[in-house]
Amino acid sequence: MKKVTESSSNHTDLELKSTRELLVGINQEDQTVPLAVAEEIAQIELLVDATVERMQRGGRLFYMGAGTSGRLGIVDASECPPTFGVPHGMVIGIIAGGDQAIRKAVEFAEDDREQGWKDLMVFEINENDVVVGIAASGTTPYVLGALEIAKSKGILTGGISCNPGSPLSQLADIAITPVVGPEFVTGSTRMKSGTAQKLVLNMLSTAIMIRLGKVKGNRMVDMQLSNDKLVDRGTRMVMEATGLEYERSNELLQEFGSVRKAVEAYQAGK
């Protein structure tokens, strides 16, 4: 199979270019990524709706990947609790090679076709859950092995890759395949492919959480108040919703622990 992600860059003699020429070239390539993602909205919609349905039954969302793809899944999963106030076990990122691979590549971890399912079994995965494999090439054995077994056990599978017709896109129940074309540096899929994956993950988790009621209006009303910036932001949200002064809004927020609860308590007491 010819991999688009491995095809030769549209740019040559990179070492002879000026810094400005390099940056302009990278930026020009990056501008194609959102357009490729836009072509996949119908597939992303299917995965969002199917995941919401399962999460409403207590299901979880698992991201699985190796290298950059695995790290992107972990980043997206780790942002869900502070942003939307959901439990840490609701969206879970798993990377080939374990947590040590987040910072440093673990040699050949992605080539182990058996380990992915073993890593999922730690979480007692079941039919209410969703497993999304992330692999720019769509050929990563660690991801494919996990999805193959998950699918055989009636667990919904999704796939995010950047090669049309890849093994991942053929295996996954719902395949999302933004085709971004050759990378600026040939084969460096942390670039456009990684950006496309990040955009898709943003869309997935954000739309899922909104559909689950974790956003009101356009506000993160259930966000965790884990630093002074977020406490200040939450206080101002309470101010906007209630018309109260900053100090009183802050008192309500601190007392009830979230924007949603603070506003509901104020409205109930009016």
# chains A, B, ... in the order shown; residues from 1 in each chain; ligands from 1

$ residues_around --residues "Gly165 (chain A)" --least-positions-apart "5" --cutoff "12 Å" --atoms "only C-alpha atoms" --output "list of chain:residue names"
A:Met1, A:Lys2, A:Lys3, A:Val4, A:Ser137, A:Gly138, A:Thr139, A:Gly159, A:Ile160, A:Gln170, A:Leu171, A:Ala172, A:Ala175, A:Ile176, A:Thr177, A:Pro178, A:Val179

$ residues_around --residues "region 10-26 of chain A" --least-positions-apart "3" --cutoff "12 Å" --atoms "only C-alpha atoms" --output "compact mmCIF listing (two decimals) with N, CA and C atoms, in the first residue's frame"
# COMPACT_ATOMS: atom_id res chain seq x y z
N GLU A 6 3.89 8.97 3.82
CA GLU A 6 5.32 8.75 3.55
C GLU A 6 5.75 9.31 2.20
N SER A 7 4.82 9.92 1.47
CA SER A 7 5.15 10.42 0.14
C SER A 7 6.07 11.63 0.23
N GLU A 29 1.74 24.66 4.17
CA GLU A 29 1.28 23.28 4.29
C GLU A 29 0.23 23.14 5.39
N ASP A 30 0.46 23.80 6.51
CA ASP A 30 -0.47 23.71 7.64
C ASP A 30 -1.87 24.20 7.28
N GLN A 31 -1.96 25.15 6.37
CA GLN A 31 -3.26 25.71 6.01
C GLN A 31 -4.16 24.70 5.31
N THR A 32 -3.60 23.62 4.81
CA THR A 32 -4.41 22.59 4.15
C THR A 32 -5.09 21.65 5.14
N VAL A 33 -4.62 21.65 6.39
CA VAL A 33 -5.07 20.64 7.36
C VAL A 33 -6.55 20.80 7.74
N GLY A 181 -1.94 14.96 2.88
CA GLY A 181 -0.90 14.99 1.87
C GLY A 181 0.50 14.88 2.45
N PRO A 182 1.51 15.06 1.61
CA PRO A 182 2.90 14.90 2.07
C PRO A 182 3.26 15.91 3.15
N GLU A 183 4.13 15.48 4.06
CA GLU A 183 4.61 16.37 5.11
C GLU A 183 5.69 17.31 4.56
N PHE A 184 5.88 18.45 5.23
CA PHE A 184 6.91 19.41 4.81
C PHE A 184 8.29 18.74 4.82
N VAL A 185 8.58 18.00 5.90
CA VAL A 185 9.75 17.13 5.95
C VAL A 185 9.21 15.72 5.70
N THR A 186 9.62 15.09 4.63
CA THR A 186 9.05 13.82 4.21
C THR A 186 8.94 12.82 5.36
N GLY A 187 7.72 12.34 5.59
CA GLY A 187 7.48 11.31 6.59
C GLY A 187 7.38 11.79 8.02
N SER A 188 7.53 13.11 8.27
CA SER A 188 7.48 13.63 9.64
C SER A 188 6.03 13.86 10.05
N MET A 191 3.87 16.53 12.11
CA MET A 191 3.54 17.85 11.58
C MET A 191 2.08 17.90 11.13
N LYS A 192 1.79 17.85 9.84
CA LYS A 192 0.41 18.00 9.39
C LYS A 192 -0.50 16.88 9.89

$ atom_distance --atom1 "CA of Leu253 (chain A)" --atom2 "CA of Lys229 (chain A)"
13.4 Å

$ closest_residue --among "A:Val215, A:Val259, A:Leu35, A:Ala268" --to "Arg236 (chain A)" --atoms "only C-alpha atoms"
A:Val259

$ residues_around --residues "Ser78 (chain A)" --least-positions-apart "5" --cutoff "10 Å" --atoms "only C-alpha atoms" --output "ChimeraX atom specification"
/A:72-73,83,88-89,91-93

$ closest_residue --among "A:Ile210, A:Met220, A:Gln100, A:Leu61" --to "Asn126 (chain A)" --atoms "only C-alpha atoms"
A:Leu61

$ residues_around --residues "Asp76 (chain A)" --least-positions-apart "3" --cutoff "12 Å" --atoms "only C-alpha atoms" --output "ChimeraX atom specification"
/A:61-64,69-73,79-84,88,90-94,197-206

$ closest_residue --among "A:Ser249, A:Thr68, A:Gln43, A:Phe108" --to "Gly158 (chain A)" --atoms "only C-alpha atoms"
A:Gln43

$ select_by_dssp --residues "region 8-215 of chain A" --states "helix (DSSP H, G or I)" --output "JSON, numbers by chain"
{"A": [14, 15, 16, 19, 20, 21, 22, 23, 24, 25, 26, 27, 28, 29, 30, 33, 34, 35, 36, 37, 38, 41, 42, 43, 44, 45, 46, 47, 48, 49, 50, 51, 52, 53, 54, 55, 67, 68, 69, 70, 71, 72, 73, 74, 75, 76, 77, 78, 79, 80, 81, 82, 83, 84, 99, 100, 101, 102, 109, 110, 111, 115, 116, 117, 118, 119, 120, 121, 141, 142, 143, 144, 145, 146, 147, 148, 149, 150, 151, 152, 167, 168, 169, 170, 171, 192, 193, 194, 195, 196, 197, 198, 199, 200, 201, 202, 203, 204, 205, 206, 207, 208, 209, 210, 211]}

$ residues_around --residues "Val106 (chain A)" --least-positions-apart "6" --cutoff "9 Å" --atoms "only C-alpha atoms" --output "PyMOL selection string"
chain A and resi 67+96-98+100

$ atom_distance --atom1 "CA of Gln56 (chain A)" --atom2 "CA of Leu212 (chain A)"
7.8 Å

$ closest_residue --among "A:Phe256, A:Leu156, A:Ala36, A:Thr195" --to "Asp49 (chain A)" --atoms "only C-alpha atoms"
A:Leu156

$ closest_residue --among "A:Ile102, A:Asn218, A:Ile44, A:Ile149" --to "Met121 (chain A)" --atoms "only C-alpha atoms"
A:Ile149

$ residues_around --residues "Asp111 (chain A)" --least-positions-apart "3" --cutoff "8 Å" --atoms "only C-alpha atoms" --output "MDAnalysis selection string"
chainID A and resid 108 140:142
